[in-house]
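*Asks:* Below is coords26.cif; it holds mmCIF, C-alpha atoms.
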data_target
#
loop_
_atom_site.label_atom_id
_atom_site.label_comp_id
_atom_site.auth_asym_id
_atom_site.auth_seq_id
_atom_site.Cartn_x
_atom_site.Cartn_y
_atom_site.Cartn_z
CA MET A 276 122.34 125.45 16.87
CA LEU A 277 119.59 127.25 18.81
CA LYS A 278 116.32 125.40 19.38
CA PRO A 279 113.13 126.72 17.75
CA TYR A 280 110.84 125.87 20.67
CA PHE A 281 110.54 124.34 24.15
CA GLN A 282 107.07 122.83 23.64
CA LYS A 283 105.90 122.56 20.06
CA GLU A 284 102.17 122.62 20.82
CA LYS A 285 102.23 125.88 22.83
CA ILE A 286 102.53 129.53 21.82
CA GLU A 287 105.84 130.48 23.43
CA ALA A 288 107.32 133.91 24.09
CA GLY A 289 111.03 134.19 24.76
CA CYS A 290 111.90 136.87 27.35
CA ASP A 291 115.17 138.56 28.24
CA GLU A 292 116.40 141.84 29.68
CA ALA A 293 119.32 144.24 29.23
CA GLY A 294 120.99 146.73 31.54
CA ARG A 295 120.86 145.08 34.95
CA GLY A 296 124.48 145.92 35.74
CA CYS A 297 124.35 149.55 34.61
CA LEU A 298 124.71 152.59 36.87
CA ALA A 299 122.35 154.69 34.78
CA GLY A 300 119.29 154.28 32.60
CA PRO A 301 116.34 151.89 32.77
CA VAL A 302 116.36 148.12 32.67
CA VAL A 303 114.76 147.06 29.39
CA ALA A 304 113.11 143.72 28.63
CA ALA A 305 111.71 142.22 25.45
CA ALA A 306 109.33 139.37 24.68
CA VAL A 307 109.24 137.68 21.27
CA ILE A 308 106.99 135.03 19.73
CA LEU A 309 108.59 133.44 16.66
CA PRO A 310 107.09 131.00 14.16
CA LYS A 311 107.70 127.36 15.20
CA ASP A 312 109.65 126.64 12.02
CA TYR A 313 111.76 129.79 12.30
CA SER A 314 115.43 129.67 11.42
CA HIS A 315 118.06 132.36 11.05
CA GLU A 316 121.72 132.07 10.10
CA VAL A 317 122.95 134.81 12.45
CA LEU A 318 120.42 135.00 15.31
CA ASN A 319 122.16 134.22 18.60
CA ASP A 320 122.65 135.55 22.12
CA SER A 321 123.11 139.33 21.71
CA LYS A 322 126.47 139.17 23.52
CA GLN A 323 127.80 136.89 20.76
CA LEU A 324 127.02 139.39 18.00
CA THR A 325 128.63 142.63 16.92
CA GLU A 326 126.67 145.87 17.13
CA LYS A 327 126.21 145.84 13.35
CA GLN A 328 124.95 142.25 13.42
CA ARG A 329 122.50 143.05 16.21
CA GLU A 330 121.06 145.95 14.23
CA GLU A 331 120.63 143.78 11.12
CA VAL A 332 119.10 140.85 13.02
CA LYS A 333 116.76 143.24 14.88
CA LYS A 334 115.19 144.21 11.53
CA ASP A 335 114.55 140.54 10.72
CA ILE A 336 113.06 139.84 14.17
CA VAL A 337 110.65 142.77 13.95
CA LYS A 338 109.67 141.71 10.43
CA ASP A 339 109.39 137.95 11.01
CA ALA A 340 108.08 137.65 14.58
CA ILE A 341 104.45 136.68 15.18
CA ALA A 342 104.52 139.25 18.00
CA TRP A 343 107.07 141.22 19.99
CA GLY A 344 107.04 143.72 22.82
CA VAL A 345 109.43 145.88 24.82
CA GLY A 346 109.03 146.88 28.46
CA ILE A 347 110.94 149.32 30.66
CA ALA A 348 111.48 149.84 34.38
CA SER A 349 112.84 153.29 35.17
CA PRO A 350 115.81 154.14 37.41
CA GLY A 351 113.31 155.40 40.00
CA GLU A 352 111.49 152.07 39.98
CA ILE A 353 114.83 150.23 40.23
CA ASP A 354 115.69 152.30 43.32
CA GLN A 355 112.26 151.68 44.82
CA ILE A 356 111.85 147.92 44.30
CA ASN A 357 115.48 146.80 43.53
CA ILE A 358 117.02 145.73 40.23
CA LEU A 359 115.81 142.12 40.33
CA ASN A 360 112.16 143.04 40.86
CA ALA A 361 112.50 145.85 38.31
CA SER A 362 113.73 143.27 35.77
CA TYR A 363 110.63 141.16 36.44
CA LEU A 364 108.44 144.25 36.08
CA ALA A 365 110.05 145.16 32.73
CA MET A 366 109.46 141.59 31.50
CA ASP A 367 105.81 141.71 32.56
CA ARG A 368 105.42 144.99 30.67
CA ALA A 369 107.08 143.50 27.57
CA VAL A 370 104.70 140.52 27.65
CA GLU A 371 101.73 142.90 28.02
CA GLN A 372 102.77 144.54 24.73
CA LEU A 373 102.41 141.28 22.77
CA LYS A 374 99.52 141.29 20.29
CA VAL A 375 99.22 137.51 20.62
CA ASN A 376 98.68 135.91 24.03
CA PRO A 377 101.47 133.45 24.87
CA GLU A 378 100.72 130.14 26.59
CA LEU A 379 104.25 129.74 27.93
CA LEU A 380 107.05 132.17 28.73
CA LEU A 381 110.68 131.13 28.27
CA ILE A 382 112.67 133.24 30.73
CA ASP A 383 116.41 133.73 30.44
CA GLY A 384 117.85 133.06 33.90
CA ASN A 385 117.28 130.92 36.95
CA ARG A 386 114.29 132.68 38.55
CA PHE A 387 111.26 134.78 37.71
CA LYS A 388 108.28 136.33 39.46
CA SER A 389 105.30 137.59 37.49
CA SER A 390 102.04 139.41 38.12
CA SER A 391 100.44 137.42 35.28
CA ASN A 392 99.17 133.84 35.45
CA ILE A 393 101.04 132.72 32.31
CA PRO A 394 103.11 129.58 32.98
CA PHE A 395 106.86 130.03 32.56
CA GLU A 396 110.10 128.09 32.33
CA CYS A 397 113.38 129.57 33.57
CA ILE A 398 116.30 128.56 31.39
CA ILE A 399 119.86 129.35 32.49
CA LYS A 400 121.78 130.90 29.58
CA GLY A 401 118.58 130.56 27.57
CA ASP A 402 119.67 133.28 25.14
CA GLY A 403 122.26 130.80 23.86
CA LYS A 404 119.77 127.90 23.69
CA TYR A 405 116.44 129.11 22.26
CA LEU A 406 115.80 131.32 19.25
CA SER A 407 112.95 133.26 20.88
CA ILE A 408 115.05 134.16 23.95
CA ALA A 409 117.98 135.16 21.73
CA ALA A 410 115.61 137.36 19.73
CA ALA A 411 114.37 138.97 22.95
CA SER A 412 117.95 139.58 24.08
CA ILE A 413 118.68 141.42 20.83
CA LEU A 414 115.56 143.60 20.97
CA ALA A 415 116.18 144.50 24.62
CA LYS A 416 119.85 145.31 24.01
CA THR A 417 119.36 147.37 20.83
CA TYR A 418 116.38 149.29 22.25
CA ARG A 419 118.27 150.14 25.42
CA ASP A 420 121.50 151.08 23.62
CA ASP A 421 119.56 153.46 21.34
CA LEU A 422 117.88 155.03 24.37
CA MET A 423 121.18 155.58 26.19
CA ARG A 424 122.77 157.13 23.10
CA GLN A 425 119.90 159.60 22.95
CA LEU A 426 120.36 160.43 26.63
CA ALA A 427 124.10 160.92 26.00
CA ILE A 428 123.26 163.93 23.83
CA GLU A 429 121.27 165.50 26.67
CA PHE A 430 123.78 164.48 29.37
CA PRO A 431 127.28 164.57 27.84
CA GLY A 432 130.42 163.70 29.76
CA TYR A 433 129.48 160.25 31.04
CA GLY A 434 130.34 158.32 27.87
CA TRP A 435 126.86 156.84 27.53
CA GLU A 436 127.19 156.94 23.74
CA THR A 437 129.66 154.06 24.08
CA ASN A 438 129.30 152.57 27.59
CA VAL A 439 125.45 152.83 27.56
CA GLY A 440 125.43 153.34 31.33
CA TYR A 441 127.80 150.57 32.41
CA PRO A 442 130.43 151.43 35.08
CA THR A 443 133.40 152.27 32.87
CA ARG A 444 136.21 154.61 33.88
CA VAL A 445 134.81 157.39 31.65
CA HIS A 446 131.39 157.02 33.29
CA ARG A 447 132.83 157.19 36.80
CA ASP A 448 135.10 160.11 35.89
CA GLY A 449 131.96 161.94 34.74
CA LEU A 450 130.29 161.16 38.07
CA ARG A 451 133.28 162.53 39.99
CA GLU A 452 133.35 165.73 37.93
CA MET A 453 129.64 166.45 37.46
CA GLY A 454 127.77 164.32 39.98
CA SER A 455 124.72 162.21 39.21
CA THR A 456 121.82 162.84 36.80
CA PRO A 457 118.10 162.01 37.12
CA HIS A 458 118.89 158.86 35.12
CA HIS A 459 121.35 157.42 37.62
CA ARG A 460 120.34 154.59 39.95
CA MET A 461 120.87 156.09 43.36
CA SER A 462 120.53 152.72 45.11
CA PHE A 463 123.64 151.53 43.25
CA GLN A 464 127.18 152.29 44.37
CA LEU A 465 127.89 154.90 41.71
CA LEU A 466 131.50 155.39 42.78
CA PRO A 467 133.91 153.06 44.58
CA CYS A 468 134.51 153.49 48.31
CA GLN A 469 134.84 157.18 49.25
CA LEU A 470 138.34 156.60 50.58
CA GLU A 471 139.50 156.21 46.98
CA LEU A 472 138.18 159.66 46.08
CA PHE A 473 140.42 161.48 48.50
CA PRO A 474 143.92 160.02 48.27
CA ASP A 475 146.51 161.34 50.72
#
I need this file expressed as structure tokens, please.

*Replies:*
Amino acid sequence: MLKPYFQKEKIEAGCDEAGRGCLAGPVVAAAVILPKDYSHEVLNDSKQLTEKQREEVKKDIVKDAIAWGVGIASPGEIDQINILNASYLAMDRAVEQLKVNPELLLIDGNRFKSSSNIPFECIIKGDGKYLSIAAASILAKTYRDDLMRQLAIEFPGYGWETNVGYPTRVHRDGLREMGSTPHHRMSFQLLPCQLELFPD
């Protein structure tokens, strides 16, 4: 059973991101403020839900949340400042989108760095412990998946419609055949060691 809040007396925003391990596309973060008495039969860590469940729960989150926001850090920003700092940047941008000012941020993970002065708590595996972080994980995941499916139409051959930018065999086969796109993270190792590309 996920907890409804960390501190009852404070306005809390749960924050999470999606796409850190991808080879292509942005890293996307979401921030969600839920009512203190909120409950939901299905809401859980996005990784525990099917795609259909995520889409259904997303509708409820958008409808029921006191406030929610989504933030993005582009592949270019990821290459410039690294994926960890880009994740922090995306979270800051998600929090900036909130129409209600939070008094405490609940961050999924073990560390966080912010340009704001809002206090925060880092919670390891928080998306499986707190409703607001789980809600943020679902918004970040569904928003990013939709974005990558749209990009798959413009850049076919990498399998983004199903792998959403993660390093699957189809994605890497596309890289070998067609090279990279403007949406690839050039600071990442897009293909395994070059020796594997030219077998004897």

*Asks:* Evaluate the PyMOL selection byres ((chain A and resi 300-303) around 6) and record the selected residues as a list in words, following the chain and residue labels used in the document.

*Replies:*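 Applied to this file, the PyMOL selection byres ((chain A and resi 300-303) around 6) returns Glu292, Ala293, Gly294, Arg295, Ala299, Ala304, Gly346, Ile347, Ala348, Ser349, Pro350, Ala415 and His458 of chain A.
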
*Asks:* Determine the nearest neighbour of Trp343 in chain A from the options A:Gln372, A:Asn385, A:Asn392, A:Ser362, counting only C-alpha atoms.

*Replies:*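 For Trp343 in chain A, the nearest of the given residues is A:Gln372.
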
*Asks:* As AutoDock Vina command-line options, please: the centre and edge lengths in Å, to one decimal, of an axis-aligned box enclosing every listed atom of range 437-453 of chain A with 3 Å added on each side.

*Replies:*
--center_x 130.8 --center_y 158.5 --center_z 32.0 --size_x 16.8 --size_y 21.9 --size_z 21.9

*Asks:* Excluding Ala340 in chain A and any residue of its chain fewer than 4 positions from it, enumerate the residues within 10 Å of it, using all atoms listed in the file, and give them as a ChimeraX atom specification.

*Replies:* /A:307-310,313,335-336,407,410

*Asks:* Written as a VMD selection string, which residues does the PyMOL selection byres ((chain A and resi 441) around 9) give for the file shown?

*Replies:* chain A and resid 294 296 to 299 435 438 to 440 442 to 443 446

*Asks:* Would you mind putting back all heavy atoms on range 389-400 of chain A, then writing it out as a PDB file, in the frame of the given file?

*Replies:*
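Ended up saving to out_12.pdb:
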ATOM      1  N   SER A 389     106.156 136.861  38.420  1.00  0.00           N
ATOM      2  CA  SER A 389     105.300 137.590  37.490  1.00  0.00           C
ATOM      3  C   SER A 389     103.964 137.938  38.122  1.00  0.00           C
ATOM      4  O   SER A 389     103.464 137.215  38.988  1.00  0.00           O
ATOM      5  CB  SER A 389     105.076 136.746  36.233  1.00  0.00           C
ATOM      6  OG  SER A 389     104.155 137.370  35.366  1.00  0.00           O
ATOM      7  N   SER A 390     103.392 139.034  37.670  1.00  0.00           N
ATOM      8  CA  SER A 390     102.040 139.410  38.120  1.00  0.00           C
ATOM      9  C   SER A 390     100.979 138.755  37.253  1.00  0.00           C
ATOM     10  O   SER A 390      99.794 138.826  37.556  1.00  0.00           O
ATOM     11  CB  SER A 390     101.891 140.937  38.069  1.00  0.00           C
ATOM     12  OG  SER A 390     102.066 141.403  36.744  1.00  0.00           O
ATOM     13  N   SER A 391     101.393 138.106  36.154  1.00  0.00           N
ATOM     14  CA  SER A 391     100.440 137.420  35.280  1.00  0.00           C
ATOM     15  C   SER A 391     100.324 135.953  35.699  1.00  0.00           C
ATOM     16  O   SER A 391     101.099 135.456  36.511  1.00  0.00           O
ATOM     17  CB  SER A 391     100.885 137.511  33.822  1.00  0.00           C
ATOM     18  OG  SER A 391     101.884 136.552  33.553  1.00  0.00           O
ATOM     19  N   ASN A 392      99.341 135.268  35.138  1.00  0.00           N
ATOM     20  CA  ASN A 392      99.170 133.840  35.450  1.00  0.00           C
ATOM     21  C   ASN A 392      99.660 132.957  34.310  1.00  0.00           C
ATOM     22  O   ASN A 392      99.299 131.782  34.218  1.00  0.00           O
ATOM     23  CB  ASN A 392      97.699 133.531  35.779  1.00  0.00           C
ATOM     24  CG  ASN A 392      96.765 133.930  34.633  1.00  0.00           C
ATOM     25  OD1 ASN A 392      97.221 134.378  33.584  1.00  0.00           O
ATOM     26  ND2 ASN A 392      95.477 133.763  34.842  1.00  0.00           N
ATOM     27  N   ILE A 393     100.497 133.501  33.424  1.00  0.00           N
ATOM     28  CA  ILE A 393     101.040 132.720  32.310  1.00  0.00           C
ATOM     29  C   ILE A 393     102.130 131.793  32.831  1.00  0.00           C
ATOM     30  O   ILE A 393     103.052 132.253  33.516  1.00  0.00           O
ATOM     31  CB  ILE A 393     101.608 133.645  31.209  1.00  0.00           C
ATOM     32  CG1 ILE A 393     100.546 134.642  30.721  1.00  0.00           C
ATOM     33  CG2 ILE A 393     102.138 132.824  30.032  1.00  0.00           C
ATOM     34  CD1 ILE A 393     101.096 135.748  29.841  1.00  0.00           C
ATOM     35  N   PRO A 394     102.051 130.493  32.544  1.00  0.00           N
ATOM     36  CA  PRO A 394     103.110 129.580  32.980  1.00  0.00           C
ATOM     37  C   PRO A 394     104.457 129.993  32.376  1.00  0.00           C
ATOM     38  O   PRO A 394     104.512 130.588  31.280  1.00  0.00           O
ATOM     39  CB  PRO A 394     102.674 128.221  32.430  1.00  0.00           C
ATOM     40  CG  PRO A 394     101.216 128.363  32.145  1.00  0.00           C
ATOM     41  CD  PRO A 394     100.994 129.809  31.789  1.00  0.00           C
ATOM     42  N   PHE A 395     105.534 129.669  33.085  1.00  0.00           N
ATOM     43  CA  PHE A 395     106.860 130.030  32.560  1.00  0.00           C
ATOM     44  C   PHE A 395     107.886 128.959  32.899  1.00  0.00           C
ATOM     45  O   PHE A 395     107.711 128.163  33.831  1.00  0.00           O
ATOM     46  CB  PHE A 395     107.309 131.386  33.117  1.00  0.00           C
ATOM     47  CG  PHE A 395     107.454 131.448  34.610  1.00  0.00           C
ATOM     48  CD1 PHE A 395     108.627 131.045  35.243  1.00  0.00           C
ATOM     49  CD2 PHE A 395     106.409 131.916  35.401  1.00  0.00           C
ATOM     50  CE1 PHE A 395     108.751 131.107  36.620  1.00  0.00           C
ATOM     51  CE2 PHE A 395     106.524 131.977  36.795  1.00  0.00           C
ATOM     52  CZ  PHE A 395     107.707 131.568  37.394  1.00  0.00           C
ATOM     53  N   GLU A 396     108.941 128.948  32.109  1.00  0.00           N
ATOM     54  CA  GLU A 396     110.100 128.090  32.330  1.00  0.00           C
ATOM     55  C   GLU A 396     111.333 128.982  32.412  1.00  0.00           C
ATOM     56  O   GLU A 396     111.547 129.814  31.515  1.00  0.00           O
ATOM     57  CB  GLU A 396     110.282 127.082  31.189  1.00  0.00           C
ATOM     58  CG  GLU A 396     109.250 125.985  31.130  1.00  0.00           C
ATOM     59  CD  GLU A 396     109.458 124.910  32.187  1.00  0.00           C
ATOM     60  OE1 GLU A 396     110.566 124.834  32.757  1.00  0.00           O
ATOM     61  OE2 GLU A 396     108.505 124.141  32.419  1.00  0.00           O
ATOM     62  N   CYS A 397     112.120 128.842  33.469  1.00  0.00           N
ATOM     63  CA  CYS A 397     113.380 129.570  33.570  1.00  0.00           C
ATOM     64  C   CYS A 397     114.496 128.713  32.977  1.00  0.00           C
ATOM     65  O   CYS A 397     114.618 127.533  33.330  1.00  0.00           O
ATOM     66  CB  CYS A 397     113.697 129.878  35.041  1.00  0.00           C
ATOM     67  SG  CYS A 397     112.567 131.067  35.766  1.00  0.00           S
ATOM     68  N   ILE A 398     115.251 129.300  32.080  1.00  0.00           N
ATOM     69  CA  ILE A 398     116.300 128.560  31.390  1.00  0.00           C
ATOM     70  C   ILE A 398     117.621 129.312  31.541  1.00  0.00           C
ATOM     71  O   ILE A 398     117.778 130.430  31.019  1.00  0.00           O
ATOM     72  CB  ILE A 398     115.942 128.377  29.892  1.00  0.00           C
ATOM     73  CG1 ILE A 398     114.620 127.610  29.777  1.00  0.00           C
ATOM     74  CG2 ILE A 398     117.064 127.641  29.162  1.00  0.00           C
ATOM     75  CD1 ILE A 398     113.959 127.692  28.446  1.00  0.00           C
ATOM     76  N   ILE A 399     118.547 128.724  32.280  1.00  0.00           N
ATOM     77  CA  ILE A 399     119.860 129.350  32.490  1.00  0.00           C
ATOM     78  C   ILE A 399     120.594 129.428  31.158  1.00  0.00           C
ATOM     79  O   ILE A 399     120.657 128.455  30.408  1.00  0.00           O
ATOM     80  CB  ILE A 399     120.664 128.554  33.532  1.00  0.00           C
ATOM     81  CG1 ILE A 399     119.967 128.610  34.899  1.00  0.00           C
ATOM     82  CG2 ILE A 399     122.084 129.092  33.646  1.00  0.00           C
ATOM     83  CD1 ILE A 399     120.528 127.660  35.925  1.00  0.00           C
ATOM     84  N   LYS A 400     121.110 130.623  30.862  1.00  0.00           N
ATOM     85  CA  LYS A 400     121.780 130.900  29.580  1.00  0.00           C
ATOM     86  C   LYS A 400     120.862 130.560  28.402  1.00  0.00           C
ATOM     87  O   LYS A 400     121.298 130.084  27.367  1.00  0.00           O
ATOM     88  CB  LYS A 400     123.098 130.138  29.480  1.00  0.00           C
ATOM     89  CG  LYS A 400     124.111 130.603  30.531  1.00  0.00           C
ATOM     90  CD  LYS A 400     125.464 129.960  30.351  1.00  0.00           C
ATOM     91  CE  LYS A 400     126.440 130.502  31.391  1.00  0.00           C
ATOM     92  NZ  LYS A 400     127.759 129.850  31.326  1.00  0.00           N
TER      93      LYS A 400
END
